[in-house]
$ cat final20.csv   # CSV, C-alpha atoms
chain,number,residue,atom,x,y,z
A,20,MET,CA,-187.2,32.3,-9.8
A,21,LYS,CA,-184.9,33.5,-12.6
A,22,LEU,CA,-182.6,36.3,-11.4
A,23,VAL,CA,-180.4,38.1,-13.9
A,24,GLY,CA,-177.4,40.5,-13.8
A,25,THR,CA,-176.3,41.8,-10.4
A,26,GLU,CA,-179.1,40.1,-8.6
A,27,ALA,CA,-178.1,36.7,-9.9
A,28,GLU,CA,-174.4,37.3,-9.0
A,29,LEU,CA,-175.3,38.4,-5.5
A,30,TYR,CA,-177.7,35.4,-5.1
A,31,ASP,CA,-174.8,33.0,-6.0
A,32,SER,CA,-172.5,34.7,-3.5
A,33,LEU,CA,-175.0,34.0,-0.8
A,34,SER,CA,-175.1,30.2,-1.4
A,35,GLY,CA,-172.6,29.5,1.4
A,36,ILE,CA,-173.5,32.2,3.8
A,37,PRO,CA,-174.0,31.1,7.5
A,38,VAL,CA,-177.5,31.4,8.6
A,39,ILE,CA,-179.3,31.9,12.0
A,40,ASP,CA,-182.8,30.6,11.4
A,41,ALA,CA,-184.6,33.1,13.6
A,42,HIS,CA,-187.9,31.4,14.1
A,43,GLU,CA,-189.3,27.8,13.8
A,44,HIS,CA,-191.9,25.7,15.6
A,45,LEU,CA,-190.0,22.4,15.2
A,46,ALA,CA,-190.5,19.6,17.7
A,47,PRO,CA,-187.4,17.7,18.9
A,48,GLU,CA,-186.1,15.4,16.1
A,49,ARG,CA,-186.8,12.3,18.2
A,50,VAL,CA,-190.5,13.3,18.1
A,51,ARG,CA,-190.5,14.1,14.4
A,52,VAL,CA,-188.9,10.8,13.2
A,53,LYS,CA,-191.6,8.8,15.0
A,54,GLN,CA,-194.3,10.4,12.8
A,55,HIS,CA,-195.4,9.0,9.5
A,56,LEU,CA,-194.3,11.2,6.6
A,57,ASP,CA,-195.6,11.5,3.1
A,58,VAL,CA,-196.1,13.9,0.2
A,59,PHE,CA,-199.2,15.3,1.9
A,60,ASP,CA,-197.1,16.6,4.7
A,61,LEU,CA,-195.5,19.0,2.3
A,62,PHE,CA,-198.9,20.7,2.3
A,63,ILE,CA,-199.6,21.2,5.9
A,64,HIS,CA,-199.2,24.3,8.1
A,65,TYR,CA,-199.6,27.5,6.1
A,66,THR,CA,-200.8,26.0,2.9
A,67,LYS,CA,-204.0,24.9,4.7
A,68,THR,CA,-205.1,28.6,4.6
A,69,ASP,CA,-204.7,28.7,0.8
A,70,PHE,CA,-206.4,25.3,0.3
A,71,LEU,CA,-209.5,26.4,2.3
A,72,CYS,CA,-209.6,29.7,0.6
A,73,ALA,CA,-209.5,27.9,-2.8
A,74,GLY,CA,-212.6,25.9,-1.8
A,75,MET,CA,-211.3,22.8,0.0
A,76,THR,CA,-213.6,22.0,2.9
A,77,PRO,CA,-212.3,21.2,6.4
A,78,VAL,CA,-213.6,17.6,6.0
A,79,GLN,CA,-211.5,17.3,2.8
A,80,TRP,CA,-208.5,18.7,4.6
A,81,GLU,CA,-208.8,16.1,7.3
A,82,ARG,CA,-209.3,13.3,4.8
A,83,MET,CA,-206.2,14.4,2.8
A,84,HIS,CA,-204.1,14.0,5.9
A,85,ASN,CA,-205.7,10.8,7.2
A,86,VAL,CA,-203.2,8.0,6.6
A,87,GLU,CA,-205.9,5.4,7.0
A,88,ILE,CA,-207.5,6.6,3.8
A,89,PRO,CA,-206.0,5.1,0.5
A,90,ASP,CA,-203.4,7.4,-1.0
A,91,GLU,CA,-205.1,7.6,-4.3
A,92,LYS,CA,-208.2,9.1,-2.7
A,93,ARG,CA,-206.1,11.5,-0.7
A,94,TRP,CA,-204.3,12.5,-4.0
A,95,ARG,CA,-207.6,13.2,-5.7
A,96,ILE,CA,-208.3,15.8,-3.0
A,97,LEU,CA,-204.8,17.3,-3.2
A,98,SER,CA,-204.6,17.5,-7.0
A,99,ARG,CA,-208.0,19.1,-7.3
A,100,TYR,CA,-206.8,22.1,-5.3
A,101,LEU,CA,-203.1,22.1,-5.8
A,102,LYS,CA,-203.6,23.6,-9.3
A,103,GLU,CA,-205.3,26.6,-7.6
A,104,ILE,CA,-202.5,27.3,-5.1
A,105,ARG,CA,-199.4,26.0,-6.8
A,106,HIS,CA,-198.3,29.5,-7.9
A,107,GLY,CA,-198.7,30.9,-4.4
A,108,SER,CA,-195.7,31.5,-2.3
A,109,TYR,CA,-196.9,29.2,0.5
A,110,ALA,CA,-196.8,26.2,-1.9
A,111,ARG,CA,-193.4,27.0,-3.5
A,112,PRO,CA,-191.2,25.5,-0.8
A,113,ALA,CA,-192.9,22.1,-1.2
A,114,LEU,CA,-192.2,22.2,-5.0
A,115,ILE,CA,-188.6,23.3,-4.4
A,116,TYR,CA,-188.1,20.3,-2.1
A,117,ALA,CA,-189.6,18.0,-4.6
A,118,ARG,CA,-187.1,19.2,-7.2
A,119,HIS,CA,-184.3,18.7,-4.6
A,120,LEU,CA,-185.5,15.0,-4.5
A,121,GLY,CA,-185.1,14.8,-8.2
A,122,PHE,CA,-188.8,15.4,-9.4
A,123,ASP,CA,-189.6,18.3,-11.6
A,124,ASP,CA,-193.2,18.5,-10.2
A,125,ILE,CA,-195.6,16.7,-7.9
A,126,THR,CA,-197.9,14.7,-10.1
A,127,LYS,CA,-200.2,11.7,-10.2
A,128,ASP,CA,-197.3,9.6,-11.5
A,129,ASN,CA,-194.7,10.4,-8.9
A,130,TYR,CA,-196.4,11.4,-5.6
A,131,GLY,CA,-196.0,7.9,-4.3
A,132,GLU,CA,-192.2,8.0,-5.1
A,133,ILE,CA,-192.0,11.3,-3.3
A,134,SER,CA,-193.7,9.9,-0.3
A,135,ARG,CA,-191.3,7.0,-0.1
A,136,ALA,CA,-188.3,9.3,-0.5
A,137,LEU,CA,-189.6,11.5,2.3
A,138,GLN,CA,-190.3,8.6,4.7
A,139,ALA,CA,-186.9,7.0,3.9
A,140,ASP,CA,-185.2,10.2,5.0
A,141,ASN,CA,-187.3,10.5,8.1
A,142,ARG,CA,-184.8,9.1,10.6
A,143,PRO,CA,-182.3,10.4,13.1
A,144,GLY,CA,-180.1,12.9,11.3
A,145,ILE,CA,-182.8,14.5,9.2
A,146,TYR,CA,-182.6,17.9,11.0
A,147,LYS,CA,-178.8,18.0,10.5
A,148,LYS,CA,-179.1,17.0,6.9
A,149,ILE,CA,-181.6,19.8,6.0
A,150,LEU,CA,-180.8,22.5,8.5
A,151,VAL,CA,-177.0,22.2,8.8
A,152,ASP,CA,-175.8,20.4,5.7
A,153,MET,CA,-178.2,21.8,3.1
A,154,CYS,CA,-179.0,25.3,4.6
A,155,ASN,CA,-175.8,26.0,6.5
A,156,ILE,CA,-178.0,27.0,9.5
A,157,ARG,CA,-175.8,27.3,12.6
A,158,THR,CA,-178.7,27.7,15.0
A,159,ALA,CA,-182.5,27.3,14.7
A,160,LEU,CA,-184.5,29.3,17.3
A,161,THR,CA,-187.5,27.2,18.0
A,162,GLN,CA,-190.7,28.0,19.8
A,163,ALA,CA,-192.7,24.8,20.5
A,164,GLY,CA,-193.4,25.2,24.2
A,165,ARG,CA,-190.5,23.0,25.3
A,166,THR,CA,-186.8,23.2,26.1
A,167,ASP,CA,-185.8,19.5,25.7
A,168,TYR,CA,-184.0,19.6,22.4
A,169,GLU,CA,-181.3,17.0,22.1
A,170,LEU,CA,-179.4,18.7,19.2
A,171,PRO,CA,-177.1,21.6,20.0
A,172,PHE,CA,-178.3,23.7,17.0
A,173,MET,CA,-181.9,23.7,18.2
A,174,VAL,CA,-182.3,26.6,20.6
A,175,PRO,CA,-185.7,27.2,22.3
A,176,LEU,CA,-187.8,30.3,22.9
A,177,MET,CA,-190.7,29.9,25.3
A,178,PRO,CA,-194.3,31.3,25.3
A,179,MET,CA,-194.7,34.3,27.6
A,180,ASP,CA,-198.4,33.7,27.8
A,181,ASN,CA,-197.8,30.7,30.0
A,182,TRP,CA,-197.1,33.2,32.7
A,183,GLY,CA,-199.0,36.3,31.5
A,184,ASN,CA,-202.3,35.0,30.2
A,185,VAL,CA,-203.6,33.2,33.3
A,186,ARG,CA,-207.4,33.4,33.4
A,187,SER,CA,-208.3,31.3,36.4
A,188,TRP,CA,-207.0,30.5,39.8
A,189,LYS,CA,-206.2,27.0,38.7
A,190,ALA,CA,-203.9,28.3,36.0
A,191,ILE,CA,-202.2,30.7,38.5
A,192,GLU,CA,-201.6,27.8,41.0
A,193,GLU,CA,-200.4,25.4,38.3
A,194,MET,CA,-197.8,27.9,37.0
A,195,ALA,CA,-196.6,28.8,40.5
A,196,THR,CA,-196.4,25.2,41.9
A,197,GLY,CA,-194.7,24.1,38.7
A,198,VAL,CA,-191.6,26.0,39.9
A,199,GLY,CA,-192.1,25.2,43.6
A,200,GLU,CA,-193.6,28.5,44.6
A,201,GLY,CA,-196.8,29.7,46.1
A,202,ALA,CA,-199.0,32.5,44.8
A,203,ALA,CA,-201.1,33.9,47.6
A,204,THR,CA,-200.5,37.4,46.3
A,205,ILE,CA,-199.7,38.9,42.9
A,206,ASP,CA,-196.2,39.7,44.0
A,207,GLU,CA,-195.6,36.1,45.0
A,208,TYR,CA,-196.9,35.1,41.6
A,209,LEU,CA,-194.5,37.4,39.9
A,210,GLU,CA,-191.6,35.9,41.9
A,211,ALA,CA,-192.7,32.5,40.7
A,212,ALA,CA,-192.7,33.9,37.1
A,213,ARG,CA,-189.1,35.2,37.6
A,214,LYS,CA,-188.1,31.7,38.8
A,215,GLY,CA,-189.8,30.2,35.8
A,216,LEU,CA,-188.0,32.5,33.3
A,217,GLU,CA,-184.7,31.8,35.1
A,218,ARG,CA,-185.4,28.1,34.8
A,219,TRP,CA,-186.1,28.4,31.0
A,220,LYS,CA,-182.8,30.4,30.7
A,221,GLU,CA,-180.9,27.6,32.5
A,222,GLU,CA,-182.5,25.0,30.2
A,223,GLY,CA,-181.1,26.9,27.1
A,224,ALA,CA,-183.9,29.3,26.2
A,225,VAL,CA,-182.8,32.6,24.7
A,226,GLY,CA,-186.1,34.4,24.6
A,227,ILE,CA,-189.8,34.4,25.3
A,228,LYS,CA,-192.6,35.2,22.8
A,229,MET,CA,-195.6,37.4,23.2
A,230,ILE,CA,-198.4,38.6,20.8
A,231,SER,CA,-199.2,42.2,19.8
A,232,LEU,CA,-202.7,42.7,21.0
A,233,PRO,CA,-204.7,45.8,22.2
A,234,TYR,CA,-203.6,45.5,25.8
A,235,ASP,CA,-204.8,47.9,28.5
A,236,VAL,CA,-202.4,50.4,30.0
A,237,PRO,CA,-201.0,48.6,33.1
A,238,ASP,CA,-202.9,49.3,36.3
A,239,ARG,CA,-201.6,47.5,39.3
A,240,SER,CA,-204.7,48.2,41.5
A,241,ARG,CA,-207.1,46.7,38.9
A,242,ALA,CA,-204.8,43.7,38.4
A,243,VAL,CA,-204.5,43.1,42.1
A,244,SER,CA,-208.3,43.3,42.5
A,245,ILE,CA,-208.8,40.7,39.7
A,246,PHE,CA,-206.1,38.4,41.1
A,247,ASP,CA,-207.7,38.5,44.6
A,248,GLU,CA,-211.1,37.9,43.1
A,249,LEU,CA,-209.8,34.8,41.3
A,250,ARG,CA,-208.3,33.6,44.6
A,251,ARG,CA,-211.5,34.0,46.4
A,252,ASP,CA,-213.6,32.4,43.7
A,253,PRO,CA,-211.5,29.5,42.1
A,254,GLY,CA,-214.3,28.7,39.7
A,255,LYS,CA,-214.3,32.1,38.0
A,256,LYS,CA,-212.7,32.6,34.6
A,257,ILE,CA,-211.9,36.0,33.1
A,258,PRO,CA,-211.9,37.1,29.4
A,259,GLU,CA,-208.7,36.7,27.3
A,260,MET,CA,-208.1,40.5,27.3
A,261,ASN,CA,-208.1,41.8,30.9
A,262,PRO,CA,-206.2,44.2,33.1
A,263,LEU,CA,-204.5,41.3,35.0
A,264,ARG,CA,-202.9,40.1,31.8
A,265,SER,CA,-201.8,43.6,30.8
A,266,TYR,CA,-200.2,44.2,34.1
A,267,LEU,CA,-198.5,40.8,34.4
A,268,ASN,CA,-197.1,41.2,30.8
A,269,GLU,CA,-195.5,44.5,31.6
A,270,GLU,CA,-193.9,43.2,34.8
A,271,ILE,CA,-192.6,40.1,32.9
A,272,LEU,CA,-191.1,42.2,30.2
A,273,ASP,CA,-188.8,43.8,32.8
A,274,ILE,CA,-188.1,40.4,34.4
A,275,ALA,CA,-187.0,39.1,30.9
A,276,ALA,CA,-184.5,42.0,30.6
A,277,GLU,CA,-183.1,41.2,34.0
A,278,VAL,CA,-182.8,37.5,33.3
A,279,GLY,CA,-181.3,38.1,29.9
A,280,LEU,CA,-184.1,36.9,27.6
A,281,VAL,CA,-185.1,38.6,24.3
A,282,VAL,CA,-188.8,39.2,23.9
A,283,ALA,CA,-190.1,38.1,20.5
A,284,VAL,CA,-193.4,39.6,19.4
A,285,HIS,CA,-195.8,38.2,16.9
A,286,THR,CA,-197.3,41.0,14.8
A,287,GLY,CA,-199.8,41.0,12.0
A,288,VAL,CA,-200.6,38.3,9.4
A,289,TRP,CA,-202.9,35.7,11.0
A,290,GLY,CA,-206.6,35.2,11.5
A,291,ASP,CA,-208.2,38.5,12.4
A,292,PHE,CA,-204.9,40.4,11.9
A,293,ARG,CA,-206.5,43.6,12.9
A,294,GLN,CA,-206.1,42.5,16.5
A,295,LEU,CA,-202.3,41.9,15.8
A,296,ASP,CA,-201.5,45.3,14.6
A,297,PRO,CA,-197.8,46.1,15.4
A,298,ARG,CA,-198.8,49.6,16.5
A,299,HIS,CA,-200.3,48.1,19.7
A,300,MET,CA,-196.7,47.6,20.8
A,301,ILE,CA,-195.5,51.2,20.4
A,302,PRO,CA,-196.3,52.4,24.0
A,303,ILE,CA,-195.1,49.1,25.4
A,304,PHE,CA,-191.7,49.4,23.6
A,305,GLY,CA,-191.4,52.9,25.1
A,306,ARG,CA,-192.2,51.8,28.6
A,307,HIS,CA,-189.5,49.1,28.6
A,308,PRO,CA,-186.3,50.6,27.1
A,309,GLY,CA,-184.1,48.0,28.8
A,310,THR,CA,-185.9,45.1,27.2
A,311,LYS,CA,-184.8,43.8,23.7
A,312,PHE,CA,-187.8,43.2,21.4
A,313,ASP,CA,-187.6,41.1,18.2
A,314,MET,CA,-190.7,42.1,16.2
A,315,TYR,CA,-191.8,39.3,13.9
A,316,HIS,CA,-193.3,39.1,10.4
A,317,MET,CA,-192.7,42.8,9.3
A,318,GLY,CA,-196.0,43.6,11.0
A,319,MET,CA,-197.6,42.5,7.7
A,320,PRO,CA,-199.6,44.2,6.2
A,321,TRP,CA,-198.4,47.2,8.2
A,322,VAL,CA,-194.9,47.0,6.8
A,323,ARG,CA,-194.3,50.7,6.6
A,324,ASP,CA,-195.5,51.2,10.2
A,325,ALA,CA,-193.2,48.4,11.3
A,326,GLY,CA,-190.3,50.1,9.6
A,327,LEU,CA,-191.0,53.3,11.4
A,328,ILE,CA,-191.3,51.5,14.7
A,329,GLY,CA,-187.8,50.0,14.0
A,330,LYS,CA,-186.5,53.4,13.1
A,331,ASN,CA,-187.7,55.1,16.2
A,332,ASN,CA,-187.1,52.5,18.9
A,333,PRO,CA,-183.5,51.5,19.8
A,334,ASN,CA,-184.7,48.4,21.7
A,335,VAL,CA,-186.6,46.9,18.7
A,336,TRP,CA,-185.3,44.6,16.0
A,337,LEU,CA,-187.3,43.8,12.8
A,338,ASN,CA,-187.5,40.1,12.0
A,339,LEU,CA,-188.5,38.8,8.5
A,340,CYS,CA,-189.5,35.3,9.7
A,341,TRP,CA,-192.4,33.9,7.7
A,342,CYS,CA,-192.5,37.0,5.5
A,343,HIS,CA,-190.8,35.6,2.4
A,344,ILE,CA,-193.6,33.0,1.9
A,345,VAL,CA,-196.4,35.3,3.0
A,346,SER,CA,-195.6,37.6,0.1
A,347,PRO,CA,-192.2,37.9,-1.6
A,348,GLU,CA,-193.2,41.1,-3.3
A,349,MET,CA,-194.4,42.8,-0.1
A,350,THR,CA,-191.2,41.7,1.6
A,351,VAL,CA,-189.0,43.1,-1.2
A,352,SER,CA,-190.9,46.3,-1.4
A,353,ALA,CA,-190.8,46.8,2.3
A,354,LEU,CA,-187.1,46.0,2.5
A,355,LYS,CA,-186.3,48.6,-0.2
A,356,GLU,CA,-187.9,51.2,2.0
A,357,TRP,CA,-186.4,49.9,5.3
A,358,ILE,CA,-182.9,50.3,4.0
A,359,ASP,CA,-183.6,54.0,3.8
A,360,MET,CA,-185.0,54.1,7.3
A,361,VAL,CA,-183.5,51.4,9.5
A,362,PRO,CA,-179.9,50.8,10.6
A,363,MET,CA,-178.5,47.7,9.0
A,364,ASN,CA,-177.8,46.0,12.3
A,365,LYS,CA,-181.5,46.0,13.3
A,366,ILE,CA,-182.9,43.7,10.6
A,367,ILE,CA,-183.1,39.9,10.9
A,368,GLY,CA,-183.3,38.2,7.5
A,369,PHE,CA,-184.9,34.8,7.9
A,370,GLY,CA,-187.0,32.4,9.9
A,371,GLY,CA,-188.8,29.4,8.3
A,372,ASP,CA,-191.7,29.4,10.9
A,373,TYR,CA,-192.5,25.7,10.3
A,374,GLY,CA,-193.6,22.9,12.5
A,375,LYS,CA,-193.5,19.3,11.2
A,376,PRO,CA,-192.3,19.9,7.6
A,377,VAL,CA,-188.6,20.8,8.3
A,378,GLU,CA,-188.1,20.0,4.5
A,379,LYS,CA,-189.7,23.2,3.6
A,380,VAL,CA,-187.2,25.3,5.5
A,381,TYR,CA,-184.8,24.7,2.6
A,382,GLY,CA,-187.1,26.2,0.0
A,383,HIS,CA,-188.1,29.0,2.2
A,384,LEU,CA,-184.5,29.9,2.7
A,385,LEU,CA,-183.8,29.9,-1.0
A,386,MET,CA,-186.8,32.3,-1.4
A,387,ALA,CA,-185.3,34.6,1.3
A,388,LYS,CA,-182.0,34.7,-0.5
A,389,GLU,CA,-183.7,35.6,-3.8
A,390,ASN,CA,-185.6,38.4,-2.1
A,391,ILE,CA,-182.6,39.9,-0.4
A,392,ALA,CA,-180.5,39.5,-3.6
A,393,ARG,CA,-183.2,41.4,-5.5
A,394,VAL,CA,-183.2,44.2,-2.9
A,395,LEU,CA,-179.5,44.6,-2.5
A,396,GLY,CA,-178.7,43.9,-6.1
A,397,GLY,CA,-180.9,46.8,-7.1
A,398,ARG,CA,-178.9,49.1,-4.7
A,399,ILE,CA,-175.7,48.0,-6.4
A,400,ASP,CA,-177.1,48.7,-9.8
A,401,ARG,CA,-178.1,52.2,-8.7
A,402,GLU,CA,-174.6,52.7,-7.3
A,403,LEU,CA,-176.0,53.2,-3.8
A,404,MET,CA,-173.6,50.5,-2.5
A,405,GLY,CA,-170.8,48.2,-3.7
A,406,LYS,CA,-171.0,44.4,-4.0
A,407,SER,CA,-168.9,43.8,-1.0
A,408,GLU,CA,-171.1,46.1,1.0
A,409,ALA,CA,-174.2,44.3,-0.1
A,410,GLU,CA,-172.6,40.9,0.8
A,411,GLY,CA,-171.7,42.3,4.3
A,412,ILE,CA,-175.3,43.5,4.8
A,413,ALA,CA,-176.7,40.2,3.8
A,414,ARG,CA,-174.4,38.4,6.2
A,415,LYS,CA,-175.6,40.8,9.0
A,416,TRP,CA,-179.3,40.0,8.2
A,417,PHE,CA,-178.8,36.3,7.9
A,418,TYR,CA,-176.3,35.7,10.7
A,419,THR,CA,-174.6,38.5,12.6
A,420,ASN,CA,-177.6,40.4,13.8
A,421,PRO,CA,-179.6,37.5,15.2
A,422,LYS,CA,-176.4,36.1,16.7
A,423,LYS,CA,-175.7,39.3,18.6
A,424,LEU,CA,-179.3,40.0,19.6
A,425,TYR,CA,-179.7,36.6,21.1
A,426,GLY,CA,-176.1,36.1,22.4
A,427,LEU,CA,-175.6,33.0,20.5
A,428,LYS,CA,-172.3,31.2,20.7
A,429,VAL,CA,-172.1,29.9,17.1
$ encode --input "final20.csv" --output "structure tokens"
Amino acid sequence: MKLVGTEAELYDSLSGIPVIDAHEHLAPERVRVKQHLDVFDLFIHYTKTDFLCAGMTPVQWERMHNVEIPDEKRWRILSRYLKEIRHGSYARPALIYARHLGFDDITKDNYGEISRALQADNRPGIYKKILVDMCNIRTALTQAGRTDYELPFMVPLMPMDNWGNVRSWKAIEEMATGVGEGAATIDEYLEAARKGLERWKEEGAVGIKMISLPYDVPDRSRAVSIFDELRRDPGKKIPEMNPLRSYLNEEILDIAAEVGLVVAVHTGVWGDFRQLDPRHMIPIFGRHPGTKFDMYHMGMPWVRDAGLIGKNNPNVWLNLCWCHIVSPEMTVSALKEWIDMVPMNKIIGFGGDYGKPVEKVYGHLLMAKENIARVLGGRIDRELMGKSEAEGIARKWFYTNPKKLYGLKV
């Protein structure tokens, strides 16, 4: 993107800023480097949605990523639909990384060279090269259901649903026995959950992640009744949304605060996003004033509602992870309004939100810096702040705010 004037100057000043990458799904590097890597891996994860919406079939998607199929056949699938999605913001980080490798575009003539370059780099040190050396990321907060990261800058968050969304007696027993506890009663199970969260904390986790859903108002008597019913009938399974889950979640939220874990919350922007409305969380935020919540994804598309939630709840932070590639324009527009509403220490500016393709973090971060330069540069031009103030705010969003929220020692 071409920036001009104050926006371009501010963007340039952000080139060396330290960054806390506030949300990824990256596996440990030792897992990643054992995997085959090629140009088609630059088009996994979120670009899948765009490809399918453009007309690619699920069978074509699978064939495009099947390494046993000749690359030229895979390329014919990719090239047919790449022209339809290449201007979308999901595809842009792949094209940015190709340019970093020295290619102006991804074409029939160079896709093989790009694959060879990617695979040549796919060795120990690739995470440091991209995250630390290229992006100046000091810490990457990573939620992949594990804590066994060998690199000090990879810091885990763990899924709260492991403990809260138990829908059978087998699941309850497995979670409790996994930490050496019994679960004859709901209170025993909650003690096991406390031990589980404490273990995650000891293993380096700084938070747990939940999902904004239309939960029931917590009702202990109903939860106990369902828990006891599952114990009496081990073959029974309950629906995904149920009073037991709602009650366990709310108890675990208080445990998280006592243990010292931040609670990240997925809101909006996936699948049937109506079920992920950030407004579902408003009463929950109010019932747990001692718990720190990191509300992900701007609540897209409910960005104004999310801004008001951040404005009115001292225990809620607003995290722009994923947003810069979902819609740069929605992100910029929302941030312009959020500056008028939300304290500057409550916004977290970036999270790549990728799994296998760590390469795309680089392009996503450049897009985040562009968006923030546009927002803050406009404030400078309207004489609502000075350049040094804007640089200080950007540093807060990219680094200081997530560092303080999660208690990071970087």
$ residues_around --input "final20.csv" --residues "range 415-428 of chain A" --least-positions-apart "3" --cutoff "8 Å" --atoms "all atoms listed in the file" --output "list in words"
Ile36, Pro37, Val38, Ile39, Asp40, Ala41, Val225, Gly226, Leu280, Val281, Lys311, Met363, Asn364, Lys365, Ile366, Ile367, Gly368, Phe369, Gly411 and Ile412 of chain A
$ atom_distance --input "final20.csv" --atom1 "CA of Asp313 in chain A" --atom2 "CA of Ile399 in chain A"
28.2 Å
$ residues_near_point --input "final20.csv" --point "(-196.2, 9.9, 2.0)" --cutoff "9 Å" --atoms "only C-alpha atoms" --output "PyMOL selection string"
chain A and resi 55-60+86+90+130-138
$ closest_atom_pairs --input "final20.csv" --of "range 151-250 of chain A" --to "range 373-385 of chain A" --cutoff "12 Å" --atoms "all atoms listed in the file" --output "JSON lines"
{"residue": "A:Val151", "atom": "CA", "partner": "A:Tyr381", "partner_atom": "CA", "distance": 10.3}
{"residue": "A:Asp152", "atom": "CA", "partner": "A:Tyr381", "partner_atom": "CA", "distance": 10.4}
{"residue": "A:Met153", "atom": "CA", "partner": "A:Tyr381", "partner_atom": "CA", "distance": 7.2}
{"residue": "A:Cys154", "atom": "CA", "partner": "A:Tyr381", "partner_atom": "CA", "distance": 6.2}
{"residue": "A:Asn155", "atom": "CA", "partner": "A:Tyr381", "partner_atom": "CA", "distance": 9.9}
{"residue": "A:Ile156", "atom": "CA", "partner": "A:Leu384", "partner_atom": "CA", "distance": 9.8}
{"residue": "A:Ala159", "atom": "CA", "partner": "A:Val380", "partner_atom": "CA", "distance": 10.5}
{"residue": "A:Leu160", "atom": "CA", "partner": "A:Tyr373", "partner_atom": "CA", "distance": 11.2}
{"residue": "A:Thr161", "atom": "CA", "partner": "A:Gly374", "partner_atom": "CA", "distance": 9.3}
{"residue": "A:Gln162", "atom": "CA", "partner": "A:Gly374", "partner_atom": "CA", "distance": 9.4}
{"residue": "A:Ala163", "atom": "CA", "partner": "A:Gly374", "partner_atom": "CA", "distance": 8.3}
{"residue": "A:Gly164", "atom": "CA", "partner": "A:Gly374", "partner_atom": "CA", "distance": 11.9}
$ write_last_selection --input "final20.csv" --atoms "C-alpha atoms" --output "short mmCIF file (atom, residue, chain, number, x, y, z; two decimals), keeping the file's coordinate frame"
data_model
loop_
_atom_site.label_atom_id
_atom_site.label_comp_id
_atom_site.auth_asym_id
_atom_site.auth_seq_id
_atom_site.Cartn_x
_atom_site.Cartn_y
_atom_site.Cartn_z
CA VAL A 151 -177.00 22.20 8.80
CA ASP A 152 -175.80 20.40 5.70
CA MET A 153 -178.20 21.80 3.10
CA CYS A 154 -179.00 25.30 4.60
CA ASN A 155 -175.80 26.00 6.50
CA ILE A 156 -178.00 27.00 9.50
CA ALA A 159 -182.50 27.30 14.70
CA LEU A 160 -184.50 29.30 17.30
CA THR A 161 -187.50 27.20 18.00
CA GLN A 162 -190.70 28.00 19.80
CA ALA A 163 -192.70 24.80 20.50
CA GLY A 164 -193.40 25.20 24.20
#
$ closest_residue --input "final20.csv" --among "A:Asp252, A:Glu389, A:Glu87, A:Asp235" --to "Met20 in chain A" --atoms "only C-alpha atoms"
A:Glu389
$ atom_distance --input "final20.csv" --atom1 "CA of Val335 in chain A" --atom2 "CA of Arg414 in chain A"
19.4 Å
$ axis_aligned_box --input "final20.csv" --around "range 93-109 of chain A" --padding-each-side "6 Å" --output "lines of an AutoDock Vina configuration file"
center_x = -202.0
center_y = 21.5
center_z = -4.4
size_x = 24.6
size_y = 32.0
size_z = 21.8
$ closest_residue --input "final20.csv" --among "A:Pro302, A:Pro347, A:Gly183, A:Pro175" --to "Asn261 in chain A" --atoms "all atoms listed in the file"
A:Gly183
$ build_atoms --input "final20.csv" --residues "range 373-382 of chain A" --atoms "N, CA and C atoms" --output "JSON list (two decimals), keeping the file's coordinate frame"
[["chain", "number", "residue", "atom", "x", "y", "z"],
["A", 373, "TYR", "N", -191.84, 26.95, 10.52],
["A", 373, "TYR", "CA", -192.50, 25.70, 10.30],
["A", 373, "TYR", "C", -192.58, 24.81, 11.50],
["A", 374, "GLY", "N", -193.52, 23.86, 11.47],
["A", 374, "GLY", "CA", -193.60, 22.90, 12.50],
["A", 374, "GLY", "C", -193.08, 21.53, 12.01],
["A", 375, "LYS", "N", -193.95, 20.64, 11.60],
["A", 375, "LYS", "CA", -193.50, 19.30, 11.20],
["A", 375, "LYS", "C", -192.65, 19.29, 9.93],
["A", 376, "PRO", "N", -192.99, 20.04, 8.86],
["A", 376, "PRO", "CA", -192.30, 19.90, 7.60],
["A", 376, "PRO", "C", -190.92, 20.64, 7.56],
["A", 377, "VAL", "N", -189.92, 20.12, 8.27],
["A", 377, "VAL", "CA", -188.60, 20.80, 8.30],
["A", 377, "VAL", "C", -188.07, 20.84, 6.83],
["A", 378, "GLU", "N", -188.51, 19.95, 5.94],
["A", 378, "GLU", "CA", -188.10, 20.00, 4.50],
["A", 378, "GLU", "C", -188.31, 21.32, 3.87],
["A", 379, "LYS", "N", -189.37, 21.99, 4.27],
["A", 379, "LYS", "CA", -189.70, 23.20, 3.60],
["A", 379, "LYS", "C", -188.88, 24.42, 4.03],
["A", 380, "VAL", "N", -188.10, 24.25, 5.11],
["A", 380, "VAL", "CA", -187.20, 25.30, 5.50],
["A", 380, "VAL", "C", -186.19, 25.59, 4.35],
["A", 381, "TYR", "N", -185.77, 24.53, 3.66],
["A", 381, "TYR", "CA", -184.80, 24.70, 2.60],
["A", 381, "TYR", "C", -185.35, 25.58, 1.47],
["A", 382, "GLY", "N", -186.56, 25.33, 1.00],
["A", 382, "GLY", "CA", -187.10, 26.20, 0.00],
["A", 382, "GLY", "C", -187.40, 27.58, 0.42]]
